[in-house]
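Chemist: Just coords.txt, nothing more (compact mmCIF, N, CA and C atoms):
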```txt
# COMPACT_ATOMS: atom_id res chain seq x y z
N MET A 335 9.39 -12.20 -50.36
CA MET A 335 9.31 -10.80 -50.02
C MET A 335 10.22 -10.49 -48.84
N ASN A 336 10.43 -11.44 -47.93
CA ASN A 336 11.31 -11.20 -46.79
C ASN A 336 12.73 -10.90 -47.23
N ILE A 337 13.17 -11.55 -48.32
CA ILE A 337 14.52 -11.30 -48.84
C ILE A 337 14.64 -9.84 -49.25
N LEU A 338 13.67 -9.36 -50.04
CA LEU A 338 13.71 -7.98 -50.48
C LEU A 338 13.62 -7.02 -49.30
N LYS A 339 12.77 -7.33 -48.35
CA LYS A 339 12.62 -6.45 -47.19
C LYS A 339 13.94 -6.35 -46.43
N GLY A 340 14.63 -7.46 -46.27
CA GLY A 340 15.91 -7.44 -45.60
C GLY A 340 16.96 -6.66 -46.36
N LEU A 341 16.97 -6.82 -47.70
CA LEU A 341 17.94 -6.13 -48.54
C LEU A 341 17.78 -4.62 -48.46
N PHE A 342 16.55 -4.16 -48.47
CA PHE A 342 16.28 -2.74 -48.62
C PHE A 342 15.85 -2.05 -47.33
N LYS A 343 15.99 -2.72 -46.21
CA LYS A 343 15.45 -2.19 -44.96
C LYS A 343 16.19 -0.93 -44.48
N MET A 344 17.49 -0.91 -44.59
CA MET A 344 18.28 0.15 -43.98
C MET A 344 18.31 1.46 -44.77
N CYS A 345 18.39 1.41 -46.08
CA CYS A 345 18.59 2.61 -46.90
C CYS A 345 17.45 2.78 -47.89
N LYS A 346 17.41 3.92 -48.52
CA LYS A 346 16.43 4.18 -49.58
C LYS A 346 17.16 4.11 -50.91
N TYR A 347 16.63 3.31 -51.83
CA TYR A 347 17.30 3.06 -53.10
C TYR A 347 16.42 3.41 -54.29
N ASN A 348 17.09 3.55 -55.42
CA ASN A 348 16.42 3.65 -56.71
C ASN A 348 16.46 2.25 -57.31
N VAL A 349 15.30 1.69 -57.57
CA VAL A 349 15.21 0.30 -58.01
C VAL A 349 14.51 0.21 -59.35
N LEU A 350 15.12 -0.55 -60.28
CA LEU A 350 14.48 -0.87 -61.55
C LEU A 350 13.83 -2.23 -61.40
N VAL A 351 12.52 -2.32 -61.66
CA VAL A 351 11.81 -3.59 -61.63
C VAL A 351 11.51 -3.99 -63.06
N ILE A 352 12.06 -5.13 -63.49
CA ILE A 352 11.84 -5.63 -64.84
C ILE A 352 10.64 -6.56 -64.82
N GLY A 353 9.61 -6.20 -65.57
CA GLY A 353 8.41 -7.02 -65.66
C GLY A 353 7.18 -6.15 -65.75
N GLY A 354 6.12 -6.74 -66.26
CA GLY A 354 4.88 -6.00 -66.40
C GLY A 354 3.70 -6.78 -65.85
N ASP A 355 3.98 -7.72 -64.97
CA ASP A 355 2.94 -8.59 -64.44
C ASP A 355 2.55 -8.17 -63.02
N GLY A 356 1.67 -8.94 -62.42
CA GLY A 356 1.23 -8.66 -61.06
C GLY A 356 2.35 -8.74 -60.04
N ARG A 357 3.30 -9.62 -60.30
CA ARG A 357 4.45 -9.74 -59.40
C ARG A 357 5.26 -8.44 -59.37
N ALA A 358 5.49 -7.87 -60.57
CA ALA A 358 6.23 -6.61 -60.66
C ALA A 358 5.49 -5.51 -59.90
N TYR A 359 4.19 -5.47 -60.06
CA TYR A 359 3.38 -4.46 -59.35
C TYR A 359 3.48 -4.66 -57.84
N ALA A 360 3.33 -5.91 -57.37
CA ALA A 360 3.36 -6.18 -55.93
C ALA A 360 4.72 -5.82 -55.32
N ILE A 361 5.79 -6.18 -56.01
CA ILE A 361 7.13 -5.84 -55.51
C ILE A 361 7.32 -4.33 -55.52
N GLY A 362 6.91 -3.69 -56.62
CA GLY A 362 7.02 -2.24 -56.70
C GLY A 362 6.22 -1.53 -55.62
N LYS A 363 5.04 -2.03 -55.36
CA LYS A 363 4.18 -1.42 -54.33
C LYS A 363 4.85 -1.50 -52.97
N ARG A 364 5.44 -2.64 -52.66
CA ARG A 364 6.12 -2.80 -51.38
C ARG A 364 7.34 -1.88 -51.29
N LEU A 365 8.11 -1.80 -52.38
CA LEU A 365 9.30 -0.96 -52.37
C LEU A 365 8.92 0.52 -52.17
N VAL A 366 7.87 0.95 -52.85
CA VAL A 366 7.41 2.34 -52.69
C VAL A 366 6.91 2.58 -51.26
N ALA A 367 6.19 1.61 -50.70
CA ALA A 367 5.71 1.74 -49.33
C ALA A 367 6.86 1.87 -48.34
N ASP A 368 8.00 1.26 -48.68
CA ASP A 368 9.19 1.34 -47.82
C ASP A 368 10.04 2.58 -48.10
N GLY A 369 9.57 3.43 -49.02
CA GLY A 369 10.25 4.69 -49.28
C GLY A 369 11.25 4.70 -50.41
N HIS A 370 11.29 3.64 -51.21
CA HIS A 370 12.22 3.58 -52.33
C HIS A 370 11.59 4.19 -53.57
N LYS A 371 12.42 4.65 -54.51
CA LYS A 371 11.94 5.13 -55.80
C LYS A 371 12.02 3.96 -56.77
N VAL A 372 10.97 3.79 -57.57
CA VAL A 372 10.88 2.63 -58.45
C VAL A 372 10.66 3.06 -59.89
N MET A 373 11.37 2.38 -60.78
CA MET A 373 11.17 2.54 -62.22
C MET A 373 10.88 1.15 -62.77
N PHE A 374 9.94 1.05 -63.69
CA PHE A 374 9.52 -0.25 -64.23
C PHE A 374 9.92 -0.38 -65.69
N LEU A 375 10.32 -1.58 -66.08
CA LEU A 375 10.63 -1.91 -67.47
C LEU A 375 9.87 -3.16 -67.83
N PRO A 376 8.82 -3.20 -68.57
CA PRO A 376 8.05 -2.08 -69.08
C PRO A 376 6.96 -1.64 -68.11
N GLY A 377 6.63 -2.49 -67.14
CA GLY A 377 5.54 -2.16 -66.23
C GLY A 377 4.19 -2.26 -66.91
N ASN A 378 3.16 -1.80 -66.26
CA ASN A 378 1.80 -1.74 -66.82
C ASN A 378 1.15 -0.47 -66.27
N SER A 379 -0.11 -0.26 -66.59
CA SER A 379 -0.74 1.00 -66.17
C SER A 379 -0.77 1.13 -64.64
N ALA A 380 -0.97 0.04 -63.92
CA ALA A 380 -0.97 0.09 -62.46
C ALA A 380 0.43 0.43 -61.94
N CYS A 381 1.46 -0.13 -62.57
CA CYS A 381 2.83 0.17 -62.17
C CYS A 381 3.15 1.64 -62.39
N GLY A 382 2.55 2.22 -63.44
CA GLY A 382 2.76 3.63 -63.74
C GLY A 382 2.29 4.55 -62.63
N GLU A 383 1.37 4.08 -61.81
CA GLU A 383 0.90 4.88 -60.67
C GLU A 383 1.90 4.86 -59.51
N LEU A 384 2.78 3.86 -59.50
CA LEU A 384 3.76 3.73 -58.42
C LEU A 384 5.08 4.40 -58.73
N GLY A 385 5.44 4.44 -60.01
CA GLY A 385 6.74 4.98 -60.39
C GLY A 385 6.78 5.26 -61.88
N ILE A 386 7.97 5.41 -62.38
CA ILE A 386 8.19 5.74 -63.79
C ILE A 386 8.23 4.46 -64.60
N ARG A 387 7.61 4.48 -65.77
CA ARG A 387 7.65 3.33 -66.67
C ARG A 387 8.59 3.63 -67.83
N ILE A 388 9.44 2.67 -68.15
CA ILE A 388 10.24 2.74 -69.38
C ILE A 388 9.49 1.89 -70.38
N ARG A 389 8.85 2.53 -71.33
CA ARG A 389 8.07 1.79 -72.32
C ARG A 389 8.98 1.35 -73.45
N PHE A 390 8.79 0.11 -73.88
CA PHE A 390 9.56 -0.39 -75.01
C PHE A 390 8.79 -1.53 -75.66
N ASP A 391 9.14 -1.80 -76.90
CA ASP A 391 8.54 -2.95 -77.57
C ASP A 391 9.57 -4.07 -77.63
N SER A 392 9.17 -5.22 -78.14
CA SER A 392 10.07 -6.38 -78.13
C SER A 392 11.30 -6.15 -79.00
N ALA A 393 11.20 -5.33 -80.04
CA ALA A 393 12.36 -5.06 -80.88
C ALA A 393 13.43 -4.32 -80.07
N ILE A 394 13.00 -3.38 -79.24
CA ILE A 394 13.96 -2.65 -78.41
C ILE A 394 14.55 -3.59 -77.36
N ALA A 395 13.75 -4.48 -76.82
CA ALA A 395 14.24 -5.41 -75.80
C ALA A 395 15.34 -6.30 -76.35
N ARG A 396 15.30 -6.60 -77.64
CA ARG A 396 16.33 -7.44 -78.25
C ARG A 396 17.53 -6.62 -78.73
N ASN A 397 17.44 -5.32 -78.59
CA ASN A 397 18.52 -4.42 -78.99
C ASN A 397 19.70 -4.60 -78.04
N PRO A 398 20.92 -4.74 -78.58
CA PRO A 398 22.08 -4.91 -77.70
C PRO A 398 22.32 -3.70 -76.78
N ARG A 399 21.74 -2.56 -77.10
CA ARG A 399 21.91 -1.35 -76.29
C ARG A 399 20.82 -1.19 -75.23
N THR A 400 19.98 -2.18 -75.02
CA THR A 400 18.87 -2.06 -74.07
C THR A 400 19.35 -1.65 -72.68
N ILE A 401 20.43 -2.26 -72.22
CA ILE A 401 20.95 -1.94 -70.89
C ILE A 401 21.35 -0.47 -70.83
N GLU A 402 22.08 -0.01 -71.85
CA GLU A 402 22.50 1.39 -71.87
C GLU A 402 21.31 2.33 -71.96
N LEU A 403 20.29 1.95 -72.76
CA LEU A 403 19.09 2.78 -72.87
C LEU A 403 18.38 2.90 -71.51
N CYS A 404 18.31 1.81 -70.77
CA CYS A 404 17.69 1.84 -69.44
C CYS A 404 18.49 2.72 -68.49
N LEU A 405 19.81 2.57 -68.53
CA LEU A 405 20.65 3.38 -67.65
C LEU A 405 20.52 4.86 -67.99
N GLU A 406 20.43 5.17 -69.30
CA GLU A 406 20.23 6.56 -69.73
C GLU A 406 18.90 7.10 -69.22
N GLN A 407 17.85 6.27 -69.25
CA GLN A 407 16.54 6.69 -68.73
C GLN A 407 16.62 6.98 -67.23
N GLY A 408 17.37 6.17 -66.52
CA GLY A 408 17.54 6.40 -65.09
C GLY A 408 18.21 7.74 -64.82
N VAL A 409 19.26 8.04 -65.58
CA VAL A 409 19.96 9.32 -65.41
C VAL A 409 19.05 10.47 -65.84
N LYS A 410 18.34 10.29 -66.96
CA LYS A 410 17.44 11.33 -67.46
C LYS A 410 16.38 11.69 -66.43
N ASN A 411 15.88 10.69 -65.72
CA ASN A 411 14.84 10.90 -64.71
C ASN A 411 15.43 11.17 -63.32
N LYS A 412 16.73 11.45 -63.28
CA LYS A 412 17.45 11.71 -62.01
C LYS A 412 17.26 10.56 -61.03
N MET A 413 17.34 9.35 -61.58
CA MET A 413 17.10 8.16 -60.77
C MET A 413 18.02 7.02 -61.22
N PRO A 414 19.35 7.19 -61.10
CA PRO A 414 20.23 6.08 -61.48
C PRO A 414 19.97 4.88 -60.58
N PHE A 415 19.97 3.70 -61.14
CA PHE A 415 19.57 2.49 -60.41
C PHE A 415 20.64 2.04 -59.44
N ASP A 416 20.20 1.72 -58.22
CA ASP A 416 21.07 1.09 -57.24
C ASP A 416 20.92 -0.42 -57.30
N TYR A 417 19.71 -0.88 -57.61
CA TYR A 417 19.39 -2.30 -57.68
C TYR A 417 18.43 -2.55 -58.83
N VAL A 418 18.45 -3.79 -59.31
CA VAL A 418 17.49 -4.23 -60.32
C VAL A 418 16.83 -5.50 -59.80
N VAL A 419 15.50 -5.57 -59.92
CA VAL A 419 14.75 -6.76 -59.55
C VAL A 419 14.03 -7.24 -60.80
N SER A 420 14.29 -8.46 -61.24
CA SER A 420 13.65 -9.00 -62.43
C SER A 420 12.59 -10.01 -62.04
N THR A 421 11.33 -9.72 -62.40
CA THR A 421 10.24 -10.67 -62.15
C THR A 421 9.85 -11.41 -63.41
N ALA A 422 10.43 -11.00 -64.54
CA ALA A 422 10.01 -11.53 -65.83
C ALA A 422 11.02 -12.51 -66.39
N LEU A 423 10.55 -13.66 -66.83
CA LEU A 423 11.41 -14.63 -67.48
C LEU A 423 11.94 -14.06 -68.79
N ASP A 424 11.13 -13.25 -69.47
CA ASP A 424 11.57 -12.65 -70.74
C ASP A 424 12.84 -11.84 -70.55
N GLY A 425 12.89 -11.06 -69.49
CA GLY A 425 14.09 -10.27 -69.22
C GLY A 425 15.31 -11.14 -69.02
N SER A 426 15.13 -12.26 -68.37
CA SER A 426 16.24 -13.19 -68.16
C SER A 426 16.65 -13.85 -69.47
N GLU A 427 15.67 -14.27 -70.25
CA GLU A 427 15.96 -14.92 -71.53
C GLU A 427 16.70 -13.99 -72.49
N LEU A 428 16.39 -12.71 -72.43
CA LEU A 428 17.03 -11.73 -73.30
C LEU A 428 18.40 -11.30 -72.78
N GLY A 429 18.76 -11.75 -71.60
CA GLY A 429 20.06 -11.42 -71.05
C GLY A 429 20.10 -10.10 -70.29
N LEU A 430 18.93 -9.54 -69.96
CA LEU A 430 18.92 -8.27 -69.24
C LEU A 430 19.53 -8.40 -67.84
N VAL A 431 19.22 -9.49 -67.15
CA VAL A 431 19.76 -9.70 -65.81
C VAL A 431 21.29 -9.76 -65.88
N ASP A 432 21.81 -10.54 -66.82
CA ASP A 432 23.26 -10.66 -66.98
C ASP A 432 23.88 -9.33 -67.39
N GLY A 433 23.18 -8.59 -68.25
CA GLY A 433 23.69 -7.30 -68.72
C GLY A 433 23.84 -6.29 -67.59
N PHE A 434 22.83 -6.21 -66.73
CA PHE A 434 22.93 -5.28 -65.59
C PHE A 434 24.02 -5.73 -64.62
N ARG A 435 24.15 -7.05 -64.41
CA ARG A 435 25.22 -7.54 -63.54
C ARG A 435 26.59 -7.17 -64.10
N SER A 436 26.73 -7.27 -65.43
CA SER A 436 28.03 -6.94 -66.04
C SER A 436 28.38 -5.47 -65.90
N LYS A 437 27.37 -4.63 -65.66
CA LYS A 437 27.60 -3.20 -65.43
C LYS A 437 27.87 -2.90 -63.95
N GLY A 438 27.88 -3.95 -63.12
CA GLY A 438 28.17 -3.77 -61.71
C GLY A 438 26.96 -3.42 -60.85
N ILE A 439 25.76 -3.56 -61.41
CA ILE A 439 24.55 -3.25 -60.66
C ILE A 439 24.01 -4.55 -60.05
N PRO A 440 23.79 -4.59 -58.74
CA PRO A 440 23.25 -5.81 -58.13
C PRO A 440 21.85 -6.12 -58.67
N VAL A 441 21.63 -7.39 -59.00
CA VAL A 441 20.37 -7.82 -59.61
C VAL A 441 19.82 -9.01 -58.84
N TYR A 442 18.51 -8.95 -58.55
CA TYR A 442 17.79 -10.09 -58.01
C TYR A 442 16.99 -10.66 -59.17
N GLY A 443 17.45 -11.78 -59.71
CA GLY A 443 16.77 -12.38 -60.85
C GLY A 443 17.54 -13.57 -61.37
N VAL A 444 16.96 -14.23 -62.35
CA VAL A 444 17.52 -15.46 -62.91
C VAL A 444 18.46 -15.13 -64.07
N PRO A 445 19.71 -15.64 -64.05
CA PRO A 445 20.60 -15.42 -65.19
C PRO A 445 20.13 -16.19 -66.43
N LYS A 446 20.57 -15.75 -67.59
CA LYS A 446 20.11 -16.32 -68.86
C LYS A 446 20.34 -17.84 -68.94
N ASN A 447 21.50 -18.28 -68.47
CA ASN A 447 21.81 -19.71 -68.60
C ASN A 447 20.93 -20.60 -67.73
N CYS A 448 20.15 -20.02 -66.84
CA CYS A 448 19.27 -20.81 -65.96
C CYS A 448 17.81 -20.78 -66.42
N THR A 449 17.50 -20.10 -67.51
CA THR A 449 16.10 -19.98 -67.93
C THR A 449 15.62 -21.15 -68.78
N THR A 450 16.54 -21.97 -69.27
CA THR A 450 16.15 -23.06 -70.17
C THR A 450 15.16 -24.01 -69.52
N LEU A 451 15.37 -24.33 -68.27
CA LEU A 451 14.48 -25.25 -67.57
C LEU A 451 13.04 -24.72 -67.56
N GLU A 452 12.89 -23.41 -67.42
CA GLU A 452 11.56 -22.79 -67.35
C GLU A 452 10.96 -22.57 -68.74
N SER A 453 11.78 -22.23 -69.72
CA SER A 453 11.26 -21.80 -71.02
C SER A 453 11.19 -22.90 -72.07
N ASP A 454 11.91 -23.99 -71.89
CA ASP A 454 11.95 -25.06 -72.89
C ASP A 454 11.31 -26.33 -72.29
N ARG A 455 10.07 -26.59 -72.68
CA ARG A 455 9.33 -27.73 -72.11
C ARG A 455 9.99 -29.08 -72.41
N ALA A 456 10.52 -29.22 -73.63
CA ALA A 456 11.16 -30.49 -73.99
C ALA A 456 12.39 -30.73 -73.10
N PHE A 457 13.18 -29.70 -72.91
CA PHE A 457 14.35 -29.81 -72.04
C PHE A 457 13.93 -30.13 -70.61
N ALA A 458 12.91 -29.44 -70.12
CA ALA A 458 12.43 -29.65 -68.75
C ALA A 458 11.93 -31.09 -68.56
N SER A 459 11.23 -31.63 -69.55
CA SER A 459 10.72 -33.00 -69.40
C SER A 459 11.86 -34.01 -69.42
N ARG A 460 12.93 -33.74 -70.20
CA ARG A 460 14.10 -34.63 -70.20
C ARG A 460 14.80 -34.59 -68.83
N VAL A 461 14.89 -33.41 -68.25
CA VAL A 461 15.55 -33.27 -66.95
C VAL A 461 14.75 -33.98 -65.86
N CYS A 462 13.42 -33.90 -65.95
CA CYS A 462 12.56 -34.47 -64.90
C CYS A 462 12.39 -35.98 -64.99
N LYS A 463 12.84 -36.59 -66.07
CA LYS A 463 12.69 -38.06 -66.20
C LYS A 463 13.64 -38.81 -65.34
```
Rewrite the structure from the file as structure tokens, please.
Modeler:
Amino acid sequence: MNILKGLFKMCKYNVLVIGGDGRAYAIGKRLVADGHKVMFLPGNSACGELGIRIRFDSAIARNPRTIELCLEQGVKNKMPFDYVVSTALDGSELGLVDGFRSKGIPVYGVPKNCTTLESDRAFASRVCK
């Protein structure tokens, strides 16, 4: 949390938080408390109380246009993203972190090529031997 606090201390930003777990909520809550505007992808009902939720199903998440759809939602809600924070491994596995980086948006999260250790138990056990 100290990393995020240092990053966002000086200015007020529009931040997209990727994830729908307790981590996403906790990070979003802190960002809102610090005066930032937060949008969640997909978020959960508690996250919806802190900011705007972009609701989607897994089919949309696998859509090659997911990044553009998120950016369009940001513009539609008058909240273009300054930063993206990914708390979800799913977002990294689907390439969302890499996709936002390729659009020039700073992202705090794990790139797709680094998720194998976390998501593939057989690979992880071979690495740990």
Chemist: When you count all atoms listed in the file, which of these residues is closest to Arg389 of chain A: A:Ile401, A:Phe374, A:Tyr347, A:Lys412?
Modeler: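 Ranked by minimum distance to Arg389 of chain A, first place goes to A:Phe374.
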Chemist: What does the structure give for the distance between atom CA of Arg387 of chain A and atom CA of Ser453 of chain A, in Å to one decimal?
Modeler: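 Calculated distance between atom CA of Arg387 of chain A and atom CA of Ser453 of chain A is 25.8 Å.
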Chemist: Of the residues A:Ser379, A:Gly356, A:Thr400, A:Val418, which is the one nearest to Pro440 of chain A, using all atoms listed in the file?
Modeler: A:Val418
Chemist: Using Å and a single decimal, report how far atom N of Val419 of chain A sits from atom N of Pro445 of chain A.
Modeler: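 If I compute the distance from atom N of Pro445 of chain A to atom N of Val419 of chain A, I get 11.7 Å.
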Chemist: Grab the atom C of Gly385 of chain A to atom N of Val372 of chain A distance for me, in Å with one decimal place.
Modeler: 6.2 Å
